[in-house]
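As stored in protein_1.cif (mmCIF, C-alpha atoms and all ligand atoms):
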data_entry
#
loop_
_atom_site.label_atom_id
_atom_site.label_comp_id
_atom_site.auth_asym_id
_atom_site.auth_seq_id
_atom_site.Cartn_x
_atom_site.Cartn_y
_atom_site.Cartn_z
CA MET A 1 -42.79 -10.04 -40.62
CA GLY A 2 -40.76 -8.70 -37.73
CA LYS A 3 -38.18 -7.37 -40.18
CA THR A 4 -38.55 -3.59 -39.78
CA PRO A 5 -34.94 -2.29 -39.84
CA GLY A 6 -33.55 -1.27 -36.46
CA LYS A 7 -36.36 -2.88 -34.46
CA ASN A 8 -34.80 -6.30 -33.77
CA GLY A 9 -38.17 -7.94 -34.46
CA ASN A 10 -39.97 -5.74 -31.95
CA ASP A 11 -42.22 -4.02 -34.50
CA GLY A 12 -45.60 -5.40 -33.47
CA LEU A 13 -45.87 -7.63 -36.57
CA GLY A 14 -44.84 -10.80 -34.77
CA ILE A 15 -41.88 -13.09 -35.47
CA ARG A 16 -42.10 -16.22 -37.55
CA THR A 17 -39.89 -19.14 -36.42
CA PRO A 18 -39.41 -22.78 -37.52
CA ASP A 19 -42.10 -23.65 -34.93
CA SER A 20 -44.78 -21.79 -36.90
CA SER A 21 -45.84 -22.11 -40.53
CA TYR A 22 -44.21 -19.96 -43.18
CA GLY A 23 -45.59 -16.44 -42.86
CA ILE A 24 -47.30 -17.11 -39.51
CA ALA A 25 -46.05 -15.49 -36.27
CA ASP A 26 -44.87 -17.80 -33.48
CA PRO A 27 -46.69 -16.74 -30.28
CA LYS A 28 -43.76 -17.98 -28.18
CA ALA A 29 -41.03 -16.31 -30.26
CA GLY A 30 -40.38 -13.69 -27.58
CA GLY A 31 -40.05 -9.94 -28.04
CA THR A 32 -36.95 -9.75 -30.23
CA LEU A 33 -35.29 -11.64 -33.07
CA THR A 34 -32.41 -12.27 -30.67
CA GLN A 35 -34.72 -14.06 -28.23
CA ALA A 36 -36.46 -15.96 -31.03
CA GLN A 37 -33.08 -17.20 -32.24
CA ALA A 38 -31.86 -18.15 -28.75
CA ARG A 39 -34.68 -20.72 -28.50
CA PHE A 40 -33.49 -22.87 -31.40
CA PRO A 41 -29.93 -24.25 -31.04
CA ILE A 42 -31.20 -26.66 -28.36
CA THR A 43 -33.95 -27.95 -30.63
CA SER A 44 -31.90 -28.61 -33.75
CA ASN A 45 -30.78 -32.23 -34.19
CA GLU A 46 -27.62 -31.05 -35.92
CA GLU A 47 -26.75 -28.57 -33.20
CA MET A 48 -27.40 -29.28 -29.50
CA LYS A 49 -30.33 -31.70 -29.50
CA GLY A 50 -28.59 -34.61 -31.21
CA PHE A 51 -30.48 -37.61 -32.55
CA ASN A 52 -31.66 -39.31 -29.36
CA HIS A 53 -34.83 -37.29 -28.77
CA LEU A 54 -36.40 -37.34 -32.21
CA THR A 55 -39.96 -37.82 -30.99
CA LYS A 56 -40.03 -34.81 -28.65
CA ASP A 57 -41.34 -31.53 -30.04
CA ASN A 58 -39.32 -28.35 -29.68
CA GLN A 59 -41.33 -26.73 -26.91
CA THR A 60 -41.29 -29.92 -24.81
CA ILE A 61 -37.50 -29.99 -25.07
CA ARG A 62 -37.13 -26.33 -24.08
CA GLU A 63 -39.46 -26.69 -21.12
CA TYR A 64 -37.75 -29.89 -20.00
CA LEU A 65 -34.36 -28.17 -19.96
CA ALA A 66 -35.86 -25.28 -17.98
CA LYS A 67 -37.22 -27.77 -15.44
CA ARG A 68 -33.85 -29.44 -15.22
CA LEU A 69 -32.06 -26.14 -14.66
CA GLY A 70 -34.67 -25.09 -12.10
CA GLY A 71 -34.96 -28.50 -10.44
CA TYR A 72 -38.75 -28.79 -10.63
CA GLY A 73 -41.39 -30.96 -12.31
CA GLU A 74 -40.35 -34.25 -13.84
CA ALA A 75 -36.70 -33.10 -14.11
CA GLN A 76 -36.42 -32.51 -10.39
CA GLY A 77 -33.12 -33.80 -8.99
CA GLU A 78 -31.38 -34.27 -12.35
CA LEU A 79 -28.82 -31.58 -11.55
CA ASN A 80 -27.22 -31.03 -8.18
CA ASP A 81 -27.09 -27.38 -7.31
CA HIS A 82 -30.14 -25.31 -8.30
CA SER A 83 -29.76 -22.54 -5.76
CA PHE A 84 -27.04 -20.91 -7.86
CA TRP A 85 -29.38 -20.43 -10.82
CA LEU A 86 -32.43 -19.53 -8.72
CA ASP A 87 -30.47 -16.77 -6.97
CA LYS A 88 -29.25 -15.42 -10.31
CA PHE A 89 -32.77 -15.40 -11.78
CA LYS A 90 -34.24 -13.74 -8.67
CA GLU A 91 -31.67 -11.01 -8.94
CA ALA A 92 -31.83 -10.52 -12.72
CA PHE A 93 -35.64 -10.50 -12.91
CA ARG A 94 -35.95 -8.56 -9.63
CA GLN A 95 -38.36 -11.07 -8.11
CA PRO A 96 -36.76 -12.08 -4.79
CA GLU A 97 -39.86 -13.97 -3.61
CA ALA A 98 -40.48 -16.04 -6.75
CA ASN A 99 -39.67 -19.76 -6.96
CA ALA A 100 -37.83 -21.72 -9.64
CA GLU A 101 -40.98 -22.78 -11.43
CA GLN A 102 -42.04 -19.16 -11.82
CA LEU A 103 -38.61 -17.81 -12.72
CA ILE A 104 -36.54 -20.47 -14.48
CA THR A 105 -38.83 -20.80 -17.46
CA GLU A 106 -38.16 -21.35 -21.13
CA GLN A 107 -39.24 -17.76 -21.88
CA ASN A 108 -37.07 -16.21 -19.14
CA ILE A 109 -34.04 -18.29 -20.14
CA SER A 110 -34.31 -17.24 -23.80
CA PHE A 111 -34.94 -13.62 -22.73
CA ALA A 112 -31.79 -13.71 -20.57
CA LEU A 113 -29.70 -15.26 -23.36
CA ALA A 114 -30.95 -12.56 -25.73
CA GLN A 115 -30.11 -9.75 -23.31
CA TYR A 116 -26.62 -11.18 -22.87
CA GLU A 117 -26.13 -11.34 -26.63
CA LEU A 118 -27.42 -7.80 -27.06
CA SER A 119 -24.83 -6.61 -24.54
CA GLN A 120 -22.02 -7.81 -26.83
CA VAL A 121 -20.74 -4.93 -28.88
CA PHE A 122 -17.86 -5.43 -31.29
CA THR A 123 -15.85 -2.28 -30.82
CA ASN A 124 -12.37 -3.55 -30.34
CA ASN A 125 -11.04 -5.13 -33.51
CA PRO A 126 -8.24 -4.21 -35.89
CA TRP A 127 -10.57 -3.71 -38.84
CA LEU A 128 -12.67 -1.13 -36.99
CA SER A 129 -9.53 0.67 -35.79
CA TYR A 130 -8.32 0.82 -39.39
CA ILE A 131 -11.66 2.20 -40.60
CA LYS A 132 -11.45 4.85 -37.90
CA GLY A 133 -8.11 6.00 -39.25
CA ASP A 134 -5.39 3.96 -37.53
CA THR A 135 -3.51 2.89 -40.66
CA THR A 136 -1.13 0.71 -38.60
CA ALA A 137 -3.97 -1.49 -37.28
CA LEU A 138 -3.69 -3.84 -40.27
CA ASN A 139 -0.47 -5.33 -41.59
CA ASP A 140 0.32 -5.33 -45.32
CA SER A 141 -0.96 -8.85 -45.84
CA ALA A 142 -4.32 -7.95 -44.28
CA LYS A 143 -4.48 -4.82 -46.40
CA ARG A 144 -3.85 -6.86 -49.56
CA GLY A 145 -6.66 -9.17 -48.42
CA ALA A 146 -8.98 -6.23 -47.89
CA ILE A 147 -8.27 -4.97 -51.41
CA LEU A 148 -9.09 -8.42 -52.81
CA PHE A 149 -12.23 -8.47 -50.67
CA TYR A 150 -13.48 -5.09 -51.84
CA GLN A 151 -12.45 -5.12 -55.48
CA SER A 152 -14.82 -6.62 -58.02
CA LYS A 153 -13.72 -9.48 -60.25
CA ASP A 154 -13.46 -7.00 -63.16
CA GLU A 155 -11.00 -4.99 -61.10
CA GLY A 156 -8.94 -8.11 -60.39
CA GLY A 157 -10.39 -8.68 -56.90
CA ALA A 158 -12.44 -11.52 -55.41
CA GLY A 159 -15.69 -9.55 -55.16
CA CYS A 160 -16.52 -10.76 -51.63
CA VAL A 161 -18.19 -7.46 -50.84
CA SER A 162 -20.93 -8.13 -53.36
CA CYS A 163 -22.47 -10.31 -50.61
CA HIS A 164 -20.43 -9.56 -47.47
CA SER A 165 -21.29 -5.86 -47.45
CA GLY A 166 -21.78 -3.18 -44.83
CA ASP A 167 -20.41 -2.87 -41.28
CA PHE A 168 -21.13 -6.51 -40.47
CA PHE A 169 -20.10 -7.94 -43.85
CA THR A 170 -23.51 -9.28 -44.81
CA ASP A 171 -26.22 -8.27 -47.26
CA GLU A 172 -28.55 -10.45 -45.16
CA GLN A 173 -29.70 -12.13 -48.38
CA PHE A 174 -29.68 -15.82 -49.37
CA HIS A 175 -27.20 -17.14 -51.95
CA ASN A 176 -26.13 -20.52 -53.28
CA ILE A 177 -22.35 -20.31 -53.18
CA ALA A 178 -21.70 -23.97 -54.14
CA ALA A 179 -19.99 -24.75 -50.85
CA PRO A 180 -19.71 -28.51 -50.26
CA GLN A 181 -21.91 -30.18 -47.67
CA LEU A 182 -20.13 -30.98 -44.44
CA GLY A 183 -21.67 -32.74 -41.49
CA HIS A 184 -24.97 -34.52 -41.09
CA GLY A 185 -27.18 -32.50 -43.41
CA LYS A 186 -30.91 -32.03 -42.89
CA GLY A 187 -32.21 -35.23 -44.45
CA ASP A 188 -32.64 -33.73 -47.94
CA GLY A 189 -31.66 -35.15 -51.32
CA ALA A 190 -31.30 -38.74 -52.50
CA SER A 191 -28.63 -39.51 -49.90
CA GLY A 192 -30.63 -37.95 -47.07
CA HIS A 193 -27.49 -36.07 -46.10
CA GLU A 194 -28.00 -32.79 -47.87
CA ASP A 195 -29.37 -29.50 -46.58
CA TYR A 196 -31.53 -27.62 -49.09
CA GLY A 197 -31.15 -24.40 -47.08
CA ARG A 198 -33.61 -21.61 -47.82
CA TYR A 199 -35.67 -23.95 -50.04
CA ARG A 200 -36.75 -25.81 -46.91
CA GLU A 201 -38.76 -22.72 -45.95
CA THR A 202 -39.89 -21.23 -49.26
CA LYS A 203 -40.13 -24.34 -51.50
CA GLN A 204 -38.85 -22.15 -54.35
CA GLU A 205 -36.58 -24.16 -56.65
CA SER A 206 -34.24 -21.15 -56.97
CA ASP A 207 -33.71 -21.19 -53.19
CA LYS A 208 -32.24 -24.70 -53.16
CA PHE A 209 -28.85 -24.68 -51.37
CA ALA A 210 -29.17 -20.95 -50.68
CA PHE A 211 -27.98 -19.80 -47.25
CA ARG A 212 -28.00 -16.38 -45.68
CA THR A 213 -24.69 -14.55 -45.97
CA PRO A 214 -23.12 -14.74 -42.49
CA LYS A 215 -21.47 -11.82 -40.77
CA LEU A 216 -17.71 -11.87 -40.94
CA ILE A 217 -16.90 -9.53 -38.12
CA LYS A 218 -13.92 -10.97 -36.21
CA ARG A 219 -13.34 -13.32 -39.14
CA CYS A 220 -12.42 -10.86 -41.84
CA SER A 221 -8.75 -11.79 -41.96
CA TYR A 222 -9.31 -15.42 -43.00
CA ARG A 223 -8.96 -16.70 -46.51
CA PRO A 224 -12.17 -18.26 -47.84
CA MET A 225 -11.06 -21.88 -47.57
CA ASP A 226 -10.04 -21.30 -43.94
CA ALA A 227 -13.76 -21.09 -43.36
CA PHE A 228 -13.90 -24.86 -43.73
CA ARG A 229 -11.28 -25.41 -41.09
CA ARG A 230 -12.78 -22.93 -38.67
CA ILE A 231 -16.37 -23.72 -39.30
CA ARG A 232 -18.58 -24.17 -36.22
CA LYS A 233 -21.85 -25.22 -37.85
CA PRO A 234 -20.86 -27.61 -40.64
CA ASN A 235 -24.48 -28.48 -41.49
CA ARG A 236 -24.99 -25.00 -42.85
CA PHE A 237 -22.73 -25.75 -45.80
CA SER A 238 -24.42 -27.20 -48.80
CA LYS A 239 -23.50 -29.73 -51.42
CA THR A 240 -23.85 -28.73 -55.02
CA PHE A 241 -21.84 -31.28 -56.96
CA GLY A 242 -22.76 -34.96 -57.11
C1 LIG B 1 -22.57 -14.73 -53.72
C2 LIG B 1 -22.46 -14.23 -52.37
C3 LIG B 1 -21.12 -14.43 -51.66
C4 LIG B 1 -19.86 -14.06 -52.07
C5 LIG B 1 -19.47 -13.33 -53.37
C6 LIG B 1 -18.95 -14.45 -51.03
N1 LIG B 1 -19.62 -15.05 -50.00
FE1 LIG B 1 -18.83 -15.75 -48.27
N2 LIG B 1 -20.58 -16.59 -47.81
C7 LIG B 1 -21.76 -16.43 -48.51
C8 LIG B 1 -22.76 -17.31 -47.95
C9 LIG B 1 -24.20 -17.42 -48.42
C10 LIG B 1 -22.14 -18.02 -46.91
C11 LIG B 1 -22.77 -19.11 -46.02
C12 LIG B 1 -22.72 -20.42 -46.76
C13 LIG B 1 -23.37 -21.55 -45.99
O1 LIG B 1 -23.85 -21.37 -44.85
O2 LIG B 1 -23.41 -22.68 -46.57
C14 LIG B 1 -20.77 -17.52 -46.83
C15 LIG B 1 -19.84 -17.95 -45.89
C16 LIG B 1 -18.60 -17.38 -45.73
C17 LIG B 1 -17.72 -17.63 -44.62
C18 LIG B 1 -18.03 -18.53 -43.41
C19 LIG B 1 -18.52 -17.64 -42.29
C20 LIG B 1 -19.24 -18.36 -41.17
O3 LIG B 1 -19.66 -17.67 -40.20
O4 LIG B 1 -19.44 -19.57 -41.24
C21 LIG B 1 -16.58 -16.91 -44.84
C22 LIG B 1 -15.35 -16.83 -43.93
C23 LIG B 1 -16.76 -16.22 -46.10
N3 LIG B 1 -18.02 -16.51 -46.60
C24 LIG B 1 -15.82 -15.40 -46.68
C25 LIG B 1 -15.92 -14.95 -48.00
C26 LIG B 1 -14.82 -14.37 -48.75
C27 LIG B 1 -13.41 -14.14 -48.19
C28 LIG B 1 -15.32 -14.08 -49.98
C29 LIG B 1 -14.56 -13.54 -51.18
C30 LIG B 1 -13.46 -14.40 -51.64
C31 LIG B 1 -16.72 -14.47 -50.00
N4 LIG B 1 -17.03 -14.99 -48.79
C32 LIG B 1 -17.56 -14.26 -51.08
C33 LIG B 1 -21.96 -15.58 -49.57
C34 LIG B 1 -20.95 -15.07 -50.35
#
I'd like the structure from this file rewritten - as structure tokens, please.
Ligand code: HEC
Amino acid sequence: MGKTPGKNGNDGLGIRTPDSSYGIADPKAGGTLTQAQARFPITSNEEMKGFNHLTKDNQTIREYLAKRLGGYGEAQGELNDHSFWLDKFKEAFRQPEANAEQLITEQNISFALAQYELSQVFTNNPWLSYIKGDTTALNDSAKRGAILFYQSKDEGGAGCVSCHSGDFFTDEQFHNIAAPQLGHGKGDGASGHEDYGRYRETKQESDKFAFRTPKLIKRCSYRPMDAFRRIRKPNRFSKTFG
């Protein structure tokens, strides 16, 4: 659901999130996939939530943070200067008379984050310049890398494009690439420190340790193992051996 190409989730079918059951739309997902996604980094133990608030459900956490930012409800007074944010929300949502409780809400915050993300357009990078015909935009080493990236294994290449395809270098599919687990994991496996990836949603054995191919835009010049040094979300990497 919510996967009609080009609609960013806004296709009237609803958007399923980790807060709703598999195949069921989340009524609080927001209008776009971008907004739905913006609501989750703060609720993931391995990302921004940490392990000190395990008993609080996701929506409680989001609403608490909104109250803290807006300085109302039980979070009143936790931050010093609220007028900055209230003024920004009044202006952005064109509601000069509204108060923090009406404006600085979980739904408005995630909407604003999504609009900001949607305003980011990757137009200025050497790869794109090269594609558009500027043959000097890449140096020889990068060009050799690109050939490796695009050639299949049979042709002597590394076959990266079989998954990292298209303008954004992703087929948007799930694959188990046998990358080792780094970080805390999601509590899976005998050790409790593995992350079963796509299996956690589908419960299909073949989806164990499968993760969605990430975009590589702005990262296309790195060698594969550099990914481990540059990685920002270590929990997304899965353990396959041992
Ligand atoms: C079979 C499909 C597949 C192939 C082939 C493949 N990748 Fe990936 N790649 C993935 C998946 C899936 C992930 C995410 C793994 C995870 O989250 O644990 C990934 C992650 C990455 C990342 C980390 C990006 C990030 O945002 O964290 C980089 C960089 C990368 N791949 C580069 C390459 C390069 C270079 C090649 C060729 C040598 C390659 N990949 C071949 C599927 C593939």
Proximity to A:Gly166 - best of A:Ser206, A:Thr213, A:Thr105, A:Thr55, all atoms listed in the file: A:Thr213
Once 3 Å is added on each side, what are the centre and the three edge lengths, in Å to one decimal, of the axis-aligned box enclosing the listed atoms of stretch 16-30 of chain A? Present them as lines of an AutoDock Vina configuration file.
center_x = -43.4
center_y = -18.7
center_z = -35.4
size_x = 13.9
size_y = 16.0
size_z = 21.6
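Interatomic distance, atom CA of A:Ile15 against atom CA of A:Gly2: 5.1 Å.
Here atom CA of A:Gln102 is placed at a distance of 15.6 Å from atom CA of A:Phe84.
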Stretch 39-46 of chain A environment, 12 Å, all atoms listed in the file, sequence neighbours closer than 2 positions dropped, as JSON, numbers by chain: {"A": [17, 18, 19, 26, 28, 29, 30, 32, 33, 34, 35, 36, 37, 48, 49, 50, 51, 52, 53, 54, 55, 56, 57, 58, 59, 60, 61, 62, 63, 64, 65, 66, 105, 106, 107, 108, 109, 110, 111, 112, 113, 114, 182, 183, 184, 185, 186, 187, 193, 195, 232, 233, 234, 235, 236]}
Atom-to-atom span, atom CA of A:Gly23 and atom C23 of ligand LIG 1 (chain B), Å: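 Value for the atom CA of A:Gly23-atom C23 of ligand LIG 1 (chain B) distance: 29.0 Å.
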Shortest interatomic distance to A:Lys67 - which of A:Ala25, A:Val121, A:Ala100, A:Ala190, counting only C-alpha atoms: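 Of all the options, A:Ala100 lies closest to A:Lys67.
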Write out as an mmCIF file with C-alpha atoms, keeping the file's coordinate frame which residues come within 8 Å of A:Leu79 when counting all atoms listed in the file, dropping same-chain ones fewer than 4 positions away.
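Wrote selection00.cif, looks like this:
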data_model
loop_
_atom_site.group_PDB
_atom_site.id
_atom_site.type_symbol
_atom_site.label_atom_id
_atom_site.label_comp_id
_atom_site.auth_asym_id
_atom_site.auth_seq_id
_atom_site.Cartn_x
_atom_site.Cartn_y
_atom_site.Cartn_z
ATOM 1 C CA ARG A 68 -33.850 -29.440 -15.220
ATOM 2 C CA LEU A 69 -32.060 -26.140 -14.660
ATOM 3 C CA GLY A 71 -34.960 -28.500 -10.440
#
Counting all atoms listed in the file, the residue of A:Phe122, A:Phe174, A:Tyr196, A:Tyr130 that sits nearest ligand LIG 1 (chain B):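 So, comparing all the options, the nearest one is A:Phe174.
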Test item: residues at most 10 Å from A:Tyr150, all atoms listed in the file, excluding those fewer than 5 positions along its chain, as a VMD selection string: chain A and resid 145 155 157 to 162 164 to 165
Non-local contacts of A:Tyr199 (10 Å; all atoms listed in the file; under 3 positions in same chain excluded) as a ChimeraX atom specification: /A:195-196,202-211
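Restricting the calculation to all atoms listed in the file, the smallest distance between A:Ile24 and any of A:Arg212, A:Met1, A:Glu194, A:Pro180 is found for A:Met1.
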Could you pull stretch 43-112 of chain A out of the block above and save it with C-alpha atoms, as a CSV table (one decimal), in the first residue's frame?
chain,number,residue,atom,x,y,z
A,43,THR,CA,11.3,6.1,18.3
A,44,SER,CA,14.0,3.5,17.4
A,45,ASN,CA,16.1,2.3,20.3
A,46,GLU,CA,19.1,2.0,18.0
A,47,GLU,CA,18.8,5.4,16.6
A,48,MET,CA,17.7,8.4,18.7
A,49,LYS,CA,15.5,6.9,21.4
A,50,GLY,CA,18.3,4.9,23.2
A,51,PHE,CA,17.5,2.3,25.8
A,52,ASN,CA,16.3,4.4,28.7
A,53,HIS,CA,12.6,4.7,27.7
A,54,LEU,CA,11.8,1.1,26.8
A,55,THR,CA,8.3,1.2,28.3
A,56,LYS,CA,7.0,4.2,26.4
A,57,ASP,CA,5.2,3.6,23.2
A,58,ASN,CA,6.2,5.4,20.0
A,59,GLN,CA,3.3,7.9,19.9
A,60,THR,CA,3.8,8.9,23.5
A,61,ILE,CA,7.5,9.6,22.8
A,62,ARG,CA,6.7,11.7,19.7
A,63,GLU,CA,4.0,13.7,21.6
A,64,TYR,CA,6.3,14.2,24.6
A,65,LEU,CA,9.0,15.7,22.4
A,66,ALA,CA,6.5,18.0,20.7
A,67,LYS,CA,5.4,19.2,24.1
A,68,ARG,CA,9.0,19.8,25.1
A,69,LEU,CA,9.7,21.7,22.0
A,70,GLY,CA,6.5,23.7,22.4
A,71,GLY,CA,6.8,24.1,26.2
A,72,TYR,CA,3.3,22.9,27.1
A,73,GLY,CA,1.7,20.0,29.0
A,74,GLU,CA,3.8,17.9,31.2
A,75,ALA,CA,7.0,18.9,29.4
A,76,GLN,CA,6.5,22.6,30.1
A,77,GLY,CA,9.7,24.3,31.2
A,78,GLU,CA,12.1,21.6,30.1
A,79,LEU,CA,13.6,23.8,27.4
A,80,ASN,CA,14.4,27.5,27.8
A,81,ASP,CA,13.4,29.4,24.8
A,82,HIS,CA,10.1,28.3,23.1
A,83,SER,CA,9.3,31.6,21.4
A,84,PHE,CA,11.8,30.9,18.6
A,85,TRP,CA,10.0,27.7,17.6
A,86,LEU,CA,6.5,29.1,18.1
A,87,ASP,CA,7.3,32.0,15.8
A,88,LYS,CA,8.7,29.7,13.2
A,89,PHE,CA,5.6,27.4,13.3
A,90,LYS,CA,3.2,30.4,13.2
A,91,GLU,CA,5.0,31.7,10.1
A,92,ALA,CA,5.4,28.3,8.3
A,93,PHE,CA,1.8,27.1,8.9
A,94,ARG,CA,0.4,30.6,8.4
A,95,GLN,CA,-1.5,30.6,11.7
A,96,PRO,CA,-0.3,33.8,13.5
A,97,GLU,CA,-3.0,33.5,16.2
A,98,ALA,CA,-2.4,29.8,17.1
A,99,ASN,CA,-0.6,28.7,20.3
A,100,ALA,CA,2.1,26.2,20.8
A,101,GLU,CA,-0.3,23.4,21.7
A,102,GLN,CA,-2.2,23.8,18.5
A,103,LEU,CA,0.9,24.3,16.3
A,104,ILE,CA,3.9,22.4,17.7
A,105,THR,CA,2.4,19.0,17.3
A,106,GLU,CA,3.8,15.7,16.4
A,107,GLN,CA,2.0,15.8,13.1
A,108,ASN,CA,3.1,19.3,12.2
A,109,ILE,CA,6.7,18.6,13.2
A,110,SER,CA,6.9,15.5,11.0
A,111,PHE,CA,5.1,17.4,8.2
A,112,ALA,CA,7.7,20.2,8.4
